[in-house]
file input-v4.txt (compact mmCIF, C-alpha atoms)
# COMPACT_ATOMS: atom_id res chain seq x y z
CA MET G 1 -198.93 -50.45 -51.53
CA ASN G 2 -199.09 -53.17 -54.20
CA THR G 3 -202.73 -53.83 -53.41
CA ALA G 4 -203.52 -50.12 -53.69
CA ILE G 5 -201.92 -50.08 -57.16
CA VAL G 6 -204.04 -53.06 -58.23
CA ILE G 7 -207.24 -51.45 -56.91
CA LEU G 8 -206.45 -48.20 -58.75
CA LEU G 9 -205.80 -50.21 -61.91
CA LEU G 10 -209.18 -51.91 -61.50
CA VAL G 11 -210.92 -48.54 -61.10
CA ALA G 12 -209.15 -47.21 -64.20
CA LEU G 13 -210.12 -50.23 -66.31
CA LEU G 14 -213.74 -50.00 -65.19
CA ALA G 15 -213.73 -46.24 -65.92
CA ILE G 16 -212.82 -46.90 -69.57
CA GLU G 17 -215.59 -49.52 -69.72
CA THR G 18 -213.39 -52.61 -69.90
CA PRO G 19 -215.59 -55.71 -69.58
CA ILE G 20 -215.68 -56.63 -65.90
CA ALA G 21 -214.31 -60.15 -66.40
CA PHE G 22 -211.23 -58.88 -68.24
CA ALA G 23 -210.71 -55.95 -65.88
CA VAL G 24 -210.76 -58.17 -62.79
CA GLY G 25 -208.63 -60.88 -64.41
CA LEU G 26 -205.98 -58.45 -65.64
CA CYS G 27 -205.79 -56.79 -62.23
CA ALA G 28 -205.39 -60.14 -60.48
CA LEU G 29 -202.66 -61.19 -62.90
CA ALA G 30 -200.89 -57.83 -62.53
CA GLY G 31 -201.05 -58.16 -58.76
CA LEU G 32 -199.51 -61.62 -58.84
CA LEU G 33 -196.70 -60.46 -61.12
CA ILE G 34 -195.73 -57.24 -59.32
CA THR G 35 -195.72 -58.98 -55.94
CA ASP G 36 -193.84 -62.06 -57.22
CA LEU G 37 -196.60 -64.25 -55.80
CA GLY G 38 -196.97 -66.40 -58.86
CA ASN G 39 -196.88 -66.70 -62.63
CA ALA G 40 -199.23 -67.28 -65.54
CA GLN G 41 -199.35 -71.02 -64.86
CA ILE G 42 -200.50 -70.51 -61.25
CA ALA G 43 -203.03 -67.93 -62.46
CA ALA G 44 -204.47 -70.46 -64.92
CA GLN G 45 -204.71 -73.06 -62.16
CA ARG G 46 -206.54 -70.64 -59.86
CA LEU G 47 -208.91 -69.63 -62.66
CA PHE G 48 -209.85 -73.27 -63.13
CA ALA G 49 -210.07 -73.88 -59.38
CA GLY G 50 -212.49 -70.98 -59.05
CA MET G 51 -214.86 -72.61 -61.53
CA ASN G 52 -214.28 -76.21 -60.45
CA SER G 53 -217.00 -76.43 -57.82
CA TYR G 54 -219.80 -78.93 -57.33
CA GLY G 55 -222.10 -76.16 -56.16
CA LEU G 56 -221.64 -74.29 -59.44
CA LEU G 57 -223.30 -77.19 -61.28
CA ALA G 58 -226.57 -75.69 -60.12
CA LEU G 59 -225.86 -72.47 -62.02
CA PRO G 60 -226.40 -73.62 -65.64
CA LEU G 61 -229.31 -75.80 -64.54
CA PHE G 62 -231.18 -72.97 -62.81
CA ILE G 63 -230.46 -70.70 -65.78
CA LEU G 64 -231.83 -73.32 -68.17
CA ALA G 65 -234.92 -73.97 -66.06
CA GLY G 66 -235.70 -70.26 -65.80
CA ASN G 67 -235.25 -69.71 -69.54
CA LEU G 68 -237.46 -72.69 -70.32
CA LEU G 69 -240.28 -71.44 -68.12
CA VAL G 70 -240.08 -67.91 -69.51
CA ALA G 71 -240.00 -69.18 -73.10
CA GLY G 72 -242.99 -71.40 -72.31
CA GLY G 73 -245.20 -68.39 -71.64
CA ILE G 74 -245.64 -68.86 -67.91
CA ILE G 75 -245.55 -65.09 -67.38
CA GLN G 76 -248.99 -64.61 -68.88
CA ARG G 77 -250.41 -67.54 -66.91
CA LEU G 78 -249.15 -66.11 -63.62
CA VAL G 79 -250.34 -62.60 -64.48
CA ASP G 80 -253.80 -63.90 -65.44
CA PHE G 81 -254.01 -65.86 -62.20
CA ALA G 82 -253.09 -62.82 -60.09
CA ASP G 83 -255.42 -60.61 -62.14
CA VAL G 84 -258.40 -62.87 -61.46
CA ILE G 85 -257.71 -62.65 -57.71
CA VAL G 86 -257.02 -58.94 -57.20
CA GLY G 87 -257.48 -57.27 -60.58
CA ARG G 88 -260.85 -55.69 -59.79
CA ILE G 89 -259.91 -53.90 -56.56
CA ARG G 90 -258.59 -50.33 -56.51
CA GLY G 91 -255.01 -50.40 -57.77
CA GLY G 92 -255.56 -54.06 -58.62
CA LEU G 93 -253.14 -54.30 -61.53
CA ALA G 94 -250.38 -52.77 -59.40
CA TYR G 95 -250.98 -55.54 -56.86
CA VAL G 96 -250.90 -58.02 -59.75
CA ASN G 97 -247.46 -56.66 -60.66
CA VAL G 98 -246.14 -57.32 -57.14
CA ILE G 99 -247.77 -60.77 -56.90
CA ALA G 100 -246.55 -61.77 -60.36
CA ASN G 101 -243.00 -60.74 -59.41
CA LEU G 102 -243.28 -62.81 -56.24
CA MET G 103 -244.51 -65.86 -58.13
CA MET G 104 -241.88 -65.45 -60.85
CA ALA G 105 -239.20 -65.23 -58.16
CA GLY G 106 -240.01 -68.81 -57.26
CA VAL G 107 -239.16 -70.11 -60.72
CA SER G 108 -236.61 -67.81 -62.39
CA GLY G 109 -233.98 -66.79 -59.81
CA SER G 110 -232.83 -63.78 -61.85
CA ALA G 111 -233.86 -60.16 -61.28
CA THR G 112 -232.82 -59.09 -64.77
CA ALA G 113 -234.75 -61.93 -66.42
CA ASP G 114 -237.84 -61.05 -64.37
CA THR G 115 -237.54 -57.39 -65.31
CA ALA G 116 -237.36 -58.22 -69.01
CA ALA G 117 -240.13 -60.82 -68.97
CA LEU G 118 -242.61 -59.06 -66.68
CA GLY G 119 -241.83 -55.60 -68.03
CA SER G 120 -242.92 -56.57 -71.53
CA VAL G 121 -246.23 -57.93 -70.16
CA MET G 122 -247.13 -55.76 -67.16
CA VAL G 123 -246.20 -52.28 -68.40
CA PRO G 124 -248.50 -52.38 -71.48
CA MET G 125 -251.32 -53.85 -69.36
CA MET G 126 -250.94 -51.16 -66.69
CA LYS G 127 -250.72 -48.41 -69.31
CA ALA G 128 -253.97 -49.65 -70.87
CA ARG G 129 -255.69 -49.35 -67.46
CA ARG G 130 -254.56 -45.75 -66.97
CA TYR G 131 -251.47 -46.25 -64.82
CA SER G 132 -248.44 -44.07 -65.45
CA VAL G 133 -245.81 -45.84 -67.55
CA ASP G 134 -243.08 -44.59 -65.22
CA PHE G 135 -244.93 -45.91 -62.17
CA ALA G 136 -245.48 -49.28 -63.88
CA ALA G 137 -241.80 -49.50 -64.84
CA ALA G 138 -240.61 -48.48 -61.36
CA LEU G 139 -242.89 -50.99 -59.66
CA THR G 140 -241.78 -53.77 -62.02
CA VAL G 141 -238.05 -53.30 -61.39
CA SER G 142 -238.68 -52.94 -57.65
CA GLY G 143 -240.59 -56.22 -57.50
CA ALA G 144 -237.99 -57.97 -59.66
CA ILE G 145 -235.35 -57.69 -56.92
CA ILE G 146 -237.26 -60.39 -55.02
CA ALA G 147 -236.14 -63.03 -57.58
CA PRO G 148 -232.58 -63.57 -56.26
CA ILE G 149 -233.80 -63.46 -52.65
CA ILE G 150 -236.45 -66.20 -52.83
CA PRO G 151 -235.32 -69.69 -53.95
CA PRO G 152 -234.22 -70.78 -56.45
CA SER G 153 -231.61 -68.01 -56.59
CA LEU G 154 -228.66 -67.89 -58.98
CA ILE G 155 -226.95 -65.25 -56.83
CA MET G 156 -227.11 -67.49 -53.74
CA VAL G 157 -225.39 -70.27 -55.69
CA ILE G 158 -222.60 -67.88 -56.64
CA TYR G 159 -222.39 -66.45 -53.11
CA ALA G 160 -221.90 -69.92 -51.69
CA ILE G 161 -218.75 -70.54 -53.74
CA PRO G 162 -216.22 -68.25 -51.96
CA THR G 163 -217.96 -68.55 -48.58
CA ARG G 164 -218.68 -72.32 -48.60
CA LEU G 165 -222.09 -71.66 -47.05
CA SER G 166 -224.96 -74.12 -47.41
CA ILE G 167 -227.00 -73.24 -50.49
CA GLY G 168 -230.01 -74.95 -48.93
CA ALA G 169 -229.73 -72.83 -45.78
CA MET G 170 -229.44 -69.68 -47.87
CA PHE G 171 -232.50 -70.68 -49.88
CA PHE G 172 -234.59 -70.96 -46.71
CA ALA G 173 -233.04 -67.78 -45.28
CA GLY G 174 -234.28 -65.73 -48.23
CA ILE G 175 -237.96 -66.71 -48.04
CA LEU G 176 -239.16 -64.39 -45.25
CA PRO G 177 -237.07 -61.38 -46.42
CA GLY G 178 -238.47 -61.82 -49.94
CA LEU G 179 -242.03 -61.98 -48.61
CA LEU G 180 -241.35 -58.91 -46.47
CA ILE G 181 -240.26 -56.89 -49.52
CA ALA G 182 -243.39 -57.98 -51.41
CA LEU G 183 -245.58 -57.02 -48.44
CA LEU G 184 -244.00 -53.57 -48.14
CA LEU G 185 -244.36 -53.00 -51.90
CA ALA G 186 -248.03 -53.97 -51.63
CA ALA G 187 -248.44 -51.50 -48.76
CA TYR G 188 -246.94 -48.77 -50.92
CA VAL G 189 -249.30 -49.71 -53.77
CA ALA G 190 -252.25 -49.32 -51.38
CA TYR G 191 -251.09 -45.78 -50.61
CA ALA G 192 -250.02 -44.74 -54.12
CA CYS G 193 -253.16 -46.09 -55.81
CA ARG G 194 -255.68 -44.99 -53.21
CA ASN G 195 -257.22 -42.56 -55.72
CA HIS G 196 -256.84 -44.73 -58.80
CA PRO G 197 -260.20 -45.31 -60.50
CA LEU G 198 -261.84 -48.68 -60.00
CA VAL G 199 -261.76 -51.00 -63.00
CA GLU G 200 -265.12 -51.22 -64.70
CA ALA G 201 -266.44 -54.69 -65.47
CA ALA G 202 -266.34 -53.91 -69.18
CA ASP G 203 -262.62 -53.06 -68.93
CA HIS G 204 -261.68 -56.23 -67.06
CA PRO G 205 -261.28 -59.50 -68.99
CA GLN G 206 -263.68 -62.12 -67.69
CA ARG G 207 -261.70 -65.25 -66.94
CA SER G 208 -262.70 -68.38 -65.15
CA PHE G 209 -261.09 -68.59 -61.72
CA ALA G 210 -260.88 -72.38 -62.06
CA ARG G 211 -259.24 -72.09 -65.48
CA SER G 212 -256.70 -69.54 -64.25
CA CYS G 213 -255.84 -71.80 -61.30
CA LEU G 214 -255.40 -74.83 -63.54
CA ASP G 215 -253.06 -72.84 -65.78
CA ALA G 216 -250.97 -71.37 -62.95
CA VAL G 217 -250.83 -74.08 -60.27
CA PRO G 218 -248.42 -76.41 -62.16
CA VAL G 219 -245.96 -73.49 -62.37
CA LEU G 220 -246.42 -72.55 -58.73
CA ILE G 221 -245.58 -76.11 -57.71
CA ALA G 222 -241.99 -75.59 -58.93
CA PRO G 223 -240.71 -73.66 -55.86
CA VAL G 224 -242.56 -76.10 -53.59
CA ILE G 225 -240.62 -78.95 -55.20
CA ILE G 226 -237.33 -77.13 -54.62
CA VAL G 227 -237.95 -76.09 -51.01
CA GLY G 228 -239.77 -79.28 -50.04
CA GLY G 229 -237.15 -81.54 -51.60
CA VAL G 230 -234.26 -79.78 -49.87
CA ARG G 231 -236.13 -79.65 -46.56
CA GLY G 232 -237.07 -83.31 -46.75
CA GLY G 233 -233.55 -84.42 -47.60
CA VAL G 234 -234.70 -85.89 -50.92
CA PHE G 235 -232.02 -84.00 -52.81
CA THR G 236 -229.41 -81.29 -52.30
CA ALA G 237 -229.82 -77.74 -53.58
CA THR G 238 -227.56 -78.59 -56.53
CA GLU G 239 -229.60 -81.68 -57.37
CA ALA G 240 -232.74 -79.58 -57.00
CA ALA G 241 -231.60 -77.55 -60.00
CA ALA G 242 -231.59 -80.70 -62.14
CA VAL G 243 -235.04 -81.66 -60.83
CA LEU G 244 -236.34 -78.19 -61.70
CA CYS G 245 -234.93 -78.51 -65.23
CA VAL G 246 -236.74 -81.81 -65.80
CA TYR G 247 -239.95 -80.33 -64.40
CA ALA G 248 -239.60 -77.23 -66.61
CA LEU G 249 -239.12 -79.46 -69.67
CA PHE G 250 -242.23 -81.42 -68.73
CA LEU G 251 -244.33 -78.27 -68.28
CA THR G 252 -243.25 -76.47 -71.43
CA CYS G 253 -242.79 -79.35 -73.84
CA VAL G 254 -245.38 -81.89 -72.66
CA LEU G 255 -248.10 -80.30 -70.50
CA TYR G 256 -248.43 -76.84 -72.08
CA ARG G 257 -246.75 -77.73 -75.40
CA SER G 258 -245.63 -74.13 -75.67
CA VAL G 259 -241.99 -74.82 -76.59
CA GLY G 260 -241.21 -76.62 -79.83
CA PRO G 261 -237.90 -78.15 -81.00
CA LYS G 262 -236.70 -74.95 -82.72
CA GLN G 263 -237.48 -72.77 -79.71
CA LEU G 264 -235.96 -75.38 -77.39
CA PHE G 265 -232.69 -75.14 -79.33
CA HIS G 266 -232.63 -71.36 -78.88
CA VAL G 267 -233.32 -71.77 -75.14
CA PHE G 268 -230.35 -74.14 -74.77
CA GLN G 269 -228.18 -71.79 -76.83
CA GLU G 270 -229.13 -68.73 -74.76
CA SER G 271 -228.62 -70.65 -71.51
CA ALA G 272 -225.17 -71.82 -72.62
CA LEU G 273 -224.11 -68.27 -73.52
CA THR G 274 -225.37 -66.88 -70.21
CA THR G 275 -223.62 -69.64 -68.28
CA ALA G 276 -220.35 -69.07 -70.13
CA THR G 277 -220.49 -65.33 -69.43
CA VAL G 278 -221.14 -65.84 -65.73
CA MET G 279 -218.47 -68.53 -65.42
CA ILE G 280 -215.80 -66.28 -66.94
CA VAL G 281 -216.64 -63.65 -64.32
CA VAL G 282 -216.62 -66.31 -61.58
CA GLY G 283 -213.18 -67.55 -62.65
CA THR G 284 -211.49 -64.15 -62.89
CA ALA G 285 -213.15 -62.85 -59.72
CA SER G 286 -212.02 -65.98 -57.86
CA LEU G 287 -208.47 -65.33 -59.02
CA PHE G 288 -208.74 -61.74 -57.79
CA ALA G 289 -210.14 -62.89 -54.45
CA TRP G 290 -207.26 -65.38 -54.11
CA PHE G 291 -204.77 -62.55 -54.71
CA LEU G 292 -206.47 -60.46 -52.01
CA ALA G 293 -206.36 -63.42 -49.61
CA ILE G 294 -202.64 -63.90 -50.22
CA GLU G 295 -202.12 -60.20 -49.56
CA ASP G 296 -204.02 -60.72 -46.27
CA ILE G 297 -206.60 -58.10 -47.19
CA PRO G 298 -209.52 -59.83 -45.36
CA ARG G 299 -207.61 -59.71 -42.06
CA ALA G 300 -206.58 -56.12 -42.68
CA ALA G 301 -210.21 -55.21 -43.47
CA SER G 302 -211.39 -56.85 -40.25
CA ALA G 303 -208.79 -54.90 -38.31
CA LEU G 304 -209.87 -51.68 -40.02
CA PHE G 305 -213.53 -52.22 -39.13
CA LEU G 306 -212.63 -53.10 -35.56
CA SER G 307 -210.58 -49.92 -35.31
CA LEU G 308 -213.60 -47.90 -36.46
CA THR G 309 -216.15 -49.53 -34.17
CA ASP G 310 -216.72 -52.52 -31.94
CA ASN G 311 -220.50 -52.30 -32.34
CA PRO G 312 -222.07 -54.78 -34.81
CA ILE G 313 -224.97 -52.38 -35.42
CA VAL G 314 -222.60 -49.66 -36.60
CA PHE G 315 -220.60 -52.21 -38.61
CA LEU G 316 -223.73 -53.33 -40.46
CA LEU G 317 -224.65 -49.71 -41.14
CA ILE G 318 -221.20 -49.08 -42.65
CA VAL G 319 -221.46 -52.24 -44.76
CA ASN G 320 -224.94 -51.29 -45.98
CA VAL G 321 -223.83 -47.82 -47.09
CA PHE G 322 -220.74 -49.28 -48.76
CA LEU G 323 -222.68 -51.99 -50.64
CA LEU G 324 -225.41 -49.60 -51.75
CA ILE G 325 -222.68 -47.50 -53.38
CA VAL G 326 -220.93 -50.57 -54.84
CA GLY G 327 -224.22 -51.90 -56.21
CA ALA G 328 -224.81 -48.65 -58.09
CA PHE G 329 -221.54 -49.04 -60.01
CA LEU G 330 -220.80 -52.77 -60.16
CA ASP G 331 -222.86 -55.75 -61.27
CA THR G 332 -223.94 -58.27 -58.63
CA VAL G 333 -221.76 -61.27 -59.49
CA PRO G 334 -218.36 -59.50 -59.51
CA ALA G 335 -219.39 -57.44 -56.47
CA ILE G 336 -220.06 -60.63 -54.50
CA LEU G 337 -216.94 -62.43 -55.64
CA ILE G 338 -214.66 -59.44 -55.00
CA PHE G 339 -216.01 -57.98 -51.76
CA VAL G 340 -217.64 -60.88 -49.90
CA PRO G 341 -214.31 -62.65 -49.19
CA ILE G 342 -213.26 -59.37 -47.51
CA LEU G 343 -216.48 -58.47 -45.70
CA GLN G 344 -217.68 -61.85 -44.49
CA PRO G 345 -214.67 -62.62 -42.23
CA ALA G 346 -215.11 -59.16 -40.71
CA ALA G 347 -218.80 -59.87 -40.10
CA VAL G 348 -217.91 -63.11 -38.33
CA GLN G 349 -215.49 -61.15 -36.14
CA PHE G 350 -218.43 -58.99 -35.07
CA GLY G 351 -220.48 -62.09 -34.17
CA ILE G 352 -222.87 -61.79 -37.14
CA ASP G 353 -224.23 -65.08 -38.48
CA PRO G 354 -222.83 -65.65 -42.01
CA ILE G 355 -226.20 -66.84 -43.36
CA HIS G 356 -227.88 -63.68 -42.09
CA PHE G 357 -225.04 -61.57 -43.48
CA SER G 358 -225.40 -63.22 -46.90
CA ILE G 359 -229.03 -62.10 -47.15
CA VAL G 360 -228.08 -58.56 -46.08
CA VAL G 361 -225.43 -58.43 -48.83
CA ILE G 362 -227.75 -59.81 -51.51
CA VAL G 363 -230.60 -57.40 -50.65
CA ASN G 364 -228.14 -54.48 -50.79
CA LEU G 365 -226.85 -55.46 -54.21
CA MET G 366 -230.37 -56.07 -55.52
CA ILE G 367 -231.25 -52.48 -54.64
CA GLY G 368 -228.13 -51.51 -56.58
CA LEU G 369 -229.62 -53.12 -59.70
CA ASN G 370 -232.26 -50.37 -59.62
CA THR G 371 -229.83 -47.54 -58.89
CA PRO G 372 -228.20 -45.32 -61.52
CA PRO G 373 -225.72 -44.90 -63.08
CA VAL G 374 -225.10 -48.60 -63.78
CA GLY G 375 -228.32 -50.22 -62.54
CA THR G 376 -228.80 -53.12 -64.95
CA ASN G 377 -232.54 -53.38 -64.40
CA LEU G 378 -232.97 -49.70 -65.21
CA PHE G 379 -231.36 -50.19 -68.62
CA VAL G 380 -233.59 -53.20 -69.30
CA ILE G 381 -236.88 -51.52 -68.34
CA SER G 382 -235.87 -48.30 -70.11
CA SER G 383 -235.33 -50.19 -73.37
CA ILE G 384 -238.68 -52.00 -72.98
CA THR G 385 -240.75 -48.90 -72.19
CA GLY G 386 -238.89 -46.33 -74.25
CA ARG G 387 -238.76 -44.05 -71.19
CA SER G 388 -235.55 -42.41 -70.05
CA MET G 389 -233.68 -43.72 -67.02
CA ALA G 390 -234.08 -40.30 -65.42
CA ALA G 391 -237.89 -40.47 -65.67
CA ILE G 392 -238.02 -44.00 -64.26
CA THR G 393 -235.57 -43.09 -61.49
CA LYS G 394 -237.80 -40.19 -60.47
CA ALA G 395 -240.77 -42.59 -60.18
CA LEU G 396 -238.53 -44.94 -58.19
CA MET G 397 -237.77 -42.44 -55.42
CA PRO G 398 -240.59 -43.43 -53.03
CA LEU G 399 -239.91 -47.09 -53.82
CA TYR G 400 -236.28 -46.61 -52.75
CA VAL G 401 -237.62 -45.61 -49.34
CA VAL G 402 -239.71 -48.80 -49.22
CA LYS G 403 -236.69 -50.94 -50.12
CA LEU G 404 -234.45 -49.19 -47.60
CA ILE G 405 -237.04 -49.84 -44.88
CA ALA G 406 -237.03 -53.51 -45.90
CA LEU G 407 -233.21 -53.54 -45.85
CA ALA G 408 -233.14 -52.03 -42.34
CA LEU G 409 -235.60 -54.62 -41.03
CA ILE G 410 -233.71 -57.51 -42.65
CA THR G 411 -230.38 -56.16 -41.38
CA TYR G 412 -231.35 -55.63 -37.76
CA ILE G 413 -233.85 -58.45 -37.25
CA PRO G 414 -231.79 -61.63 -37.85
CA PHE G 415 -234.86 -63.72 -37.01
CA LEU G 416 -236.24 -62.95 -40.49
CA SER G 417 -233.29 -64.68 -42.12
CA LEU G 418 -232.48 -67.38 -39.58
CA TRP G 419 -235.82 -68.73 -38.37
CA LEU G 420 -236.69 -70.90 -41.38
CA PRO G 421 -233.19 -72.41 -41.87
CA ARG G 422 -233.15 -73.36 -38.18
CA LEU G 423 -236.70 -74.70 -38.36
CA ALA G 424 -235.69 -76.79 -41.39
CA GLY G 425 -232.69 -78.18 -39.49
CA LEU G 426 -230.21 -76.71 -41.97
CA MET G 427 -228.29 -74.75 -39.35
CA ARG G 428 -228.06 -74.42 -35.59

call {"tool": "encode", "arguments": {"input": "input-v4.txt", "output": "structure tokens"}}
result
Amino acid sequence: MNTAIVILLLVALLAIETPIAFAVGLCALAGLLITDLGNAQIAAQRLFAGMNSYGLLALPLFILAGNLLVAGGIIQRLVDFADVIVGRIRGGLAYVNVIANLMMAGVSGSATADTAALGSVMVPMMKARRYSVDFAAALTVSGAIIAPIIPPSLIMVIYAIPTRLSIGAMFFAGILPGLLIALLLAAYVAYACRNHPLVEAADHPQRSFARSCLDAVPVLIAPVIIVGGVRGGVFTATEAAAVLCVYALFLTCVLYRSVGPKQLFHVFQESALTTATVMIVVGTASLFAWFLAIEDIPRAASALFLSLTDNPIVFLLIVNVFLLIVGAFLDTVPAILIFVPILQPAAVQFGIDPIHFSIVVIVNLMIGLNTPPVGTNLFVISSITGRSMAAITKALMPLYVVKLIALALITYIPFLSLWLPRLAGLMR
């Protein structure tokens, strides 16, 4: 009964647009007080404990590295590189959009950051080559969901906190699912652009292939450093974040010289603000998860699922439907920190590997970023393009089908998530 009151309070606070961190924190504190489980001092201790994690050290470092690379103008270098390779074929710039999103995923780790950065570059380029603005916007936000699935991923770092999963194993687990989504998006582009006019030579910028490679390859080495270093045991996933920061500083401040002292200050300032915002959510959501654990909600949830079905296939279907709805109304970080401590123990009860389940959850919530009414990426791309969310959502409809096909394959073919972590020796 007390838990139901707290959940209703949370829904009410979210309905009146209370900031998620405050809504979750107030509900957790109210739950502790009405159940006599603790006091303000214990709440403060749990808030600190939720943020006091070695794994979370990777969070500000990955944020800083991603902001440095975006500020250093790597977007245009990656787009130019992809354009030289596939820009002249039918629908070439749409393929460039997918490829650029895939390459950016290996350096940024944030779907929202990729949407903002690539949207401002790709949408005007595609519009100039006679693509629909709505199609360009829809394809951009669809490709951006790959960022938190392929390493380095900020969401995987956050997911690992309540679950205590290996960040390195999660990084490797996301590679094939991310590539699968990119492949399916490319297949859709081939169908959707089958009648798009070929680009005339006069309309296509003539760039040197060698020059484009030289500009892009140093950036593309970044994910290789992360994955190779973790695989080779040179450093942990947390230490990899620091390595990526140093490499990003070298690229932007020394090699490309695209970030000066003034811009560097703004990058550090923006990274600090983003980190602080995320950490407040992490702390309050951890407190809320601790309250749910004390109330024995995870065990009750497992019992509820087992009473509904004893089939893991049906369980995963229920979870997918639930998370797709959650993702449409709640941002990714609080959704993970609130619901994963409940859902993951139930998944283990059904014999589902927790690493595989983590990828299923993340892919679900990434689709939610593109789903109204609260899809964050939709707001970002709408503000960039000046198009309404309704118009972009209409263009997104066939792409939702593509992403749901990808979700089904990732959900019911565990091999896609587990093969590389096992091959790398990061799990059994």

call {"tool": "atom_distance", "arguments": {"input": "input-v4.txt", "atom1": "CA of Arg211 in chain G", "atom2": "CA of Leu69 in chain G"}}
result
19.2 Å

call {"tool": "closest_atom_pairs", "arguments": {"input": "input-v4.txt", "of": "range 174-281 of chain G", "to": "range 103-106 of chain G", "cutoff": "10 Å", "atoms": "only C-alpha atoms", "output": "tab-separated table"}}
result
residue	atom	partner	partner_atom	distance
G:Ile175	CA	G:Gly106	CA	9.7
G:Gly178	CA	G:Ala105	CA	8.9
G:Ala216	CA	G:Met103	CA	9.8
G:Val219	CA	G:Met103	CA	8.8
G:Leu220	CA	G:Met103	CA	7.0
G:Ile221	CA	G:Gly106	CA	9.2
G:Ala222	CA	G:Gly106	CA	7.3
G:Pro223	CA	G:Gly106	CA	5.1
G:Val224	CA	G:Gly106	CA	8.6
G:Ile226	CA	G:Gly106	CA	9.1
G:Val227	CA	G:Gly106	CA	9.8

call {"tool": "residues_around", "arguments": {"input": "input-v4.txt", "residues": "Asp215 in chain G", "least_positions_apart": "2", "cutoff": "12 Å", "atoms": "all atoms listed in the file", "output": "VMD selection string"}}
result
chain G and resid 73 to 82 207 to 213 217 to 221 251 to 252 255 to 256

call {"tool": "closest_residue", "arguments": {"input": "input-v4.txt", "among": "G:Ile155, G:Leu59, G:Ile352, G:Val321", "to": "Thr274 in chain G", "atoms": "only C-alpha atoms"}}
result
G:Leu59

call {"tool": "residues_around", "arguments": {"input": "input-v4.txt", "residues": "range 131-134 of chain G", "least_positions_apart": "3", "cutoff": "9 Å", "atoms": "only C-alpha atoms", "output": "ChimeraX atom specification"}}
result
/G:91,93-94,123-128,137-139,196,385,387,391-396

call {"tool": "residues_around", "arguments": {"input": "input-v4.txt", "residues": "Ser108 in chain G", "least_positions_apart": "4", "cutoff": "12 Å", "atoms": "only C-alpha atoms", "output": "PyMOL selection string"}}
result
chain G and resi 59+61-71+74-75+100-104+112-118+144-155+219-220+222-223+241+244-245+248

call {"tool": "closest_residue", "arguments": {"input": "input-v4.txt", "among": "G:Ile367, G:Ile5, G:Arg422, G:Phe291", "to": "Ala406 in chain G", "atoms": "only C-alpha atoms"}}
result
G:Ile367

call {"tool": "residues_near_point", "arguments": {"input": "input-v4.txt", "point": "(-232.9, -59.0, -47.2)", "cutoff": "6 Å", "atoms": "all atoms listed in the file", "output": "ChimeraX atom specification"}}
result
/G:177,359-360,363,407,410

call {"tool": "atom_distance", "arguments": {"input": "input-v4.txt", "atom1": "CA of Phe250 in chain G", "atom2": "CA of Val267 in chain G"}}
result
14.6 Å

call {"tool": "atom_distance", "arguments": {"input": "input-v4.txt", "atom1": "CA of Ala190 in chain G", "atom2": "CA of Leu416 in chain G"}}
result
23.7 Å

call {"tool": "closest_residue", "arguments": {"input": "input-v4.txt", "among": "G:Ile99, G:Ala169, G:Leu337, G:Leu29", "to": "Pro354 in chain G", "atoms": "only C-alpha atoms"}}
result
G:Ala169

call {"tool": "closest_residue", "arguments": {"input": "input-v4.txt", "among": "G:Ser120, G:Ser417, G:Asn320, G:Thr236", "to": "Gly386 in chain G", "atoms": "all atoms listed in the file"}}
result
G:Ser120

call {"tool": "residues_around", "arguments": {"input": "input-v4.txt", "residues": "Ile338 in chain G", "least_positions_apart": "3", "cutoff": "7 Å", "atoms": "all atoms listed in the file", "output": "list of chain:residue names"}}
result
G:Ala285, G:Phe288, G:Ala289, G:Pro334, G:Ala335, G:Pro341

call {"tool": "closest_residue", "arguments": {"input": "input-v4.txt", "among": "G:Arg299, G:Arg130, G:Lys262, G:His356", "to": "Ala173 in chain G", "atoms": "all atoms listed in the file"}}
result
G:His356

call {"tool": "build_atoms", "arguments": {"input": "input-v4.txt", "residues": "range 48-54 of chain G", "atoms": "N, CA and C atoms", "output": "compact mmCIF listing (two decimals), keeping the file's coordinate frame"}}
result
# COMPACT_ATOMS: atom_id res chain seq x y z
N PHE G 48 -209.11 -72.01 -63.03
CA PHE G 48 -209.85 -73.27 -63.13
C PHE G 48 -210.41 -73.69 -61.78
N ALA G 49 -209.60 -73.51 -60.73
CA ALA G 49 -210.07 -73.88 -59.38
C ALA G 49 -211.29 -73.07 -58.97
N GLY G 50 -211.34 -71.81 -59.39
CA GLY G 50 -212.49 -70.98 -59.05
C GLY G 50 -213.78 -71.46 -59.68
N MET G 51 -213.67 -72.12 -60.83
CA MET G 51 -214.86 -72.61 -61.53
C MET G 51 -215.14 -74.09 -61.26
N ASN G 52 -214.17 -74.77 -60.67
CA ASN G 52 -214.28 -76.21 -60.45
C ASN G 52 -214.95 -76.48 -59.10
N SER G 53 -216.26 -76.28 -59.07
CA SER G 53 -217.00 -76.43 -57.82
C SER G 53 -218.29 -77.19 -58.08
N TYR G 54 -218.58 -78.15 -57.20
CA TYR G 54 -219.80 -78.93 -57.33
C TYR G 54 -221.03 -78.03 -57.23
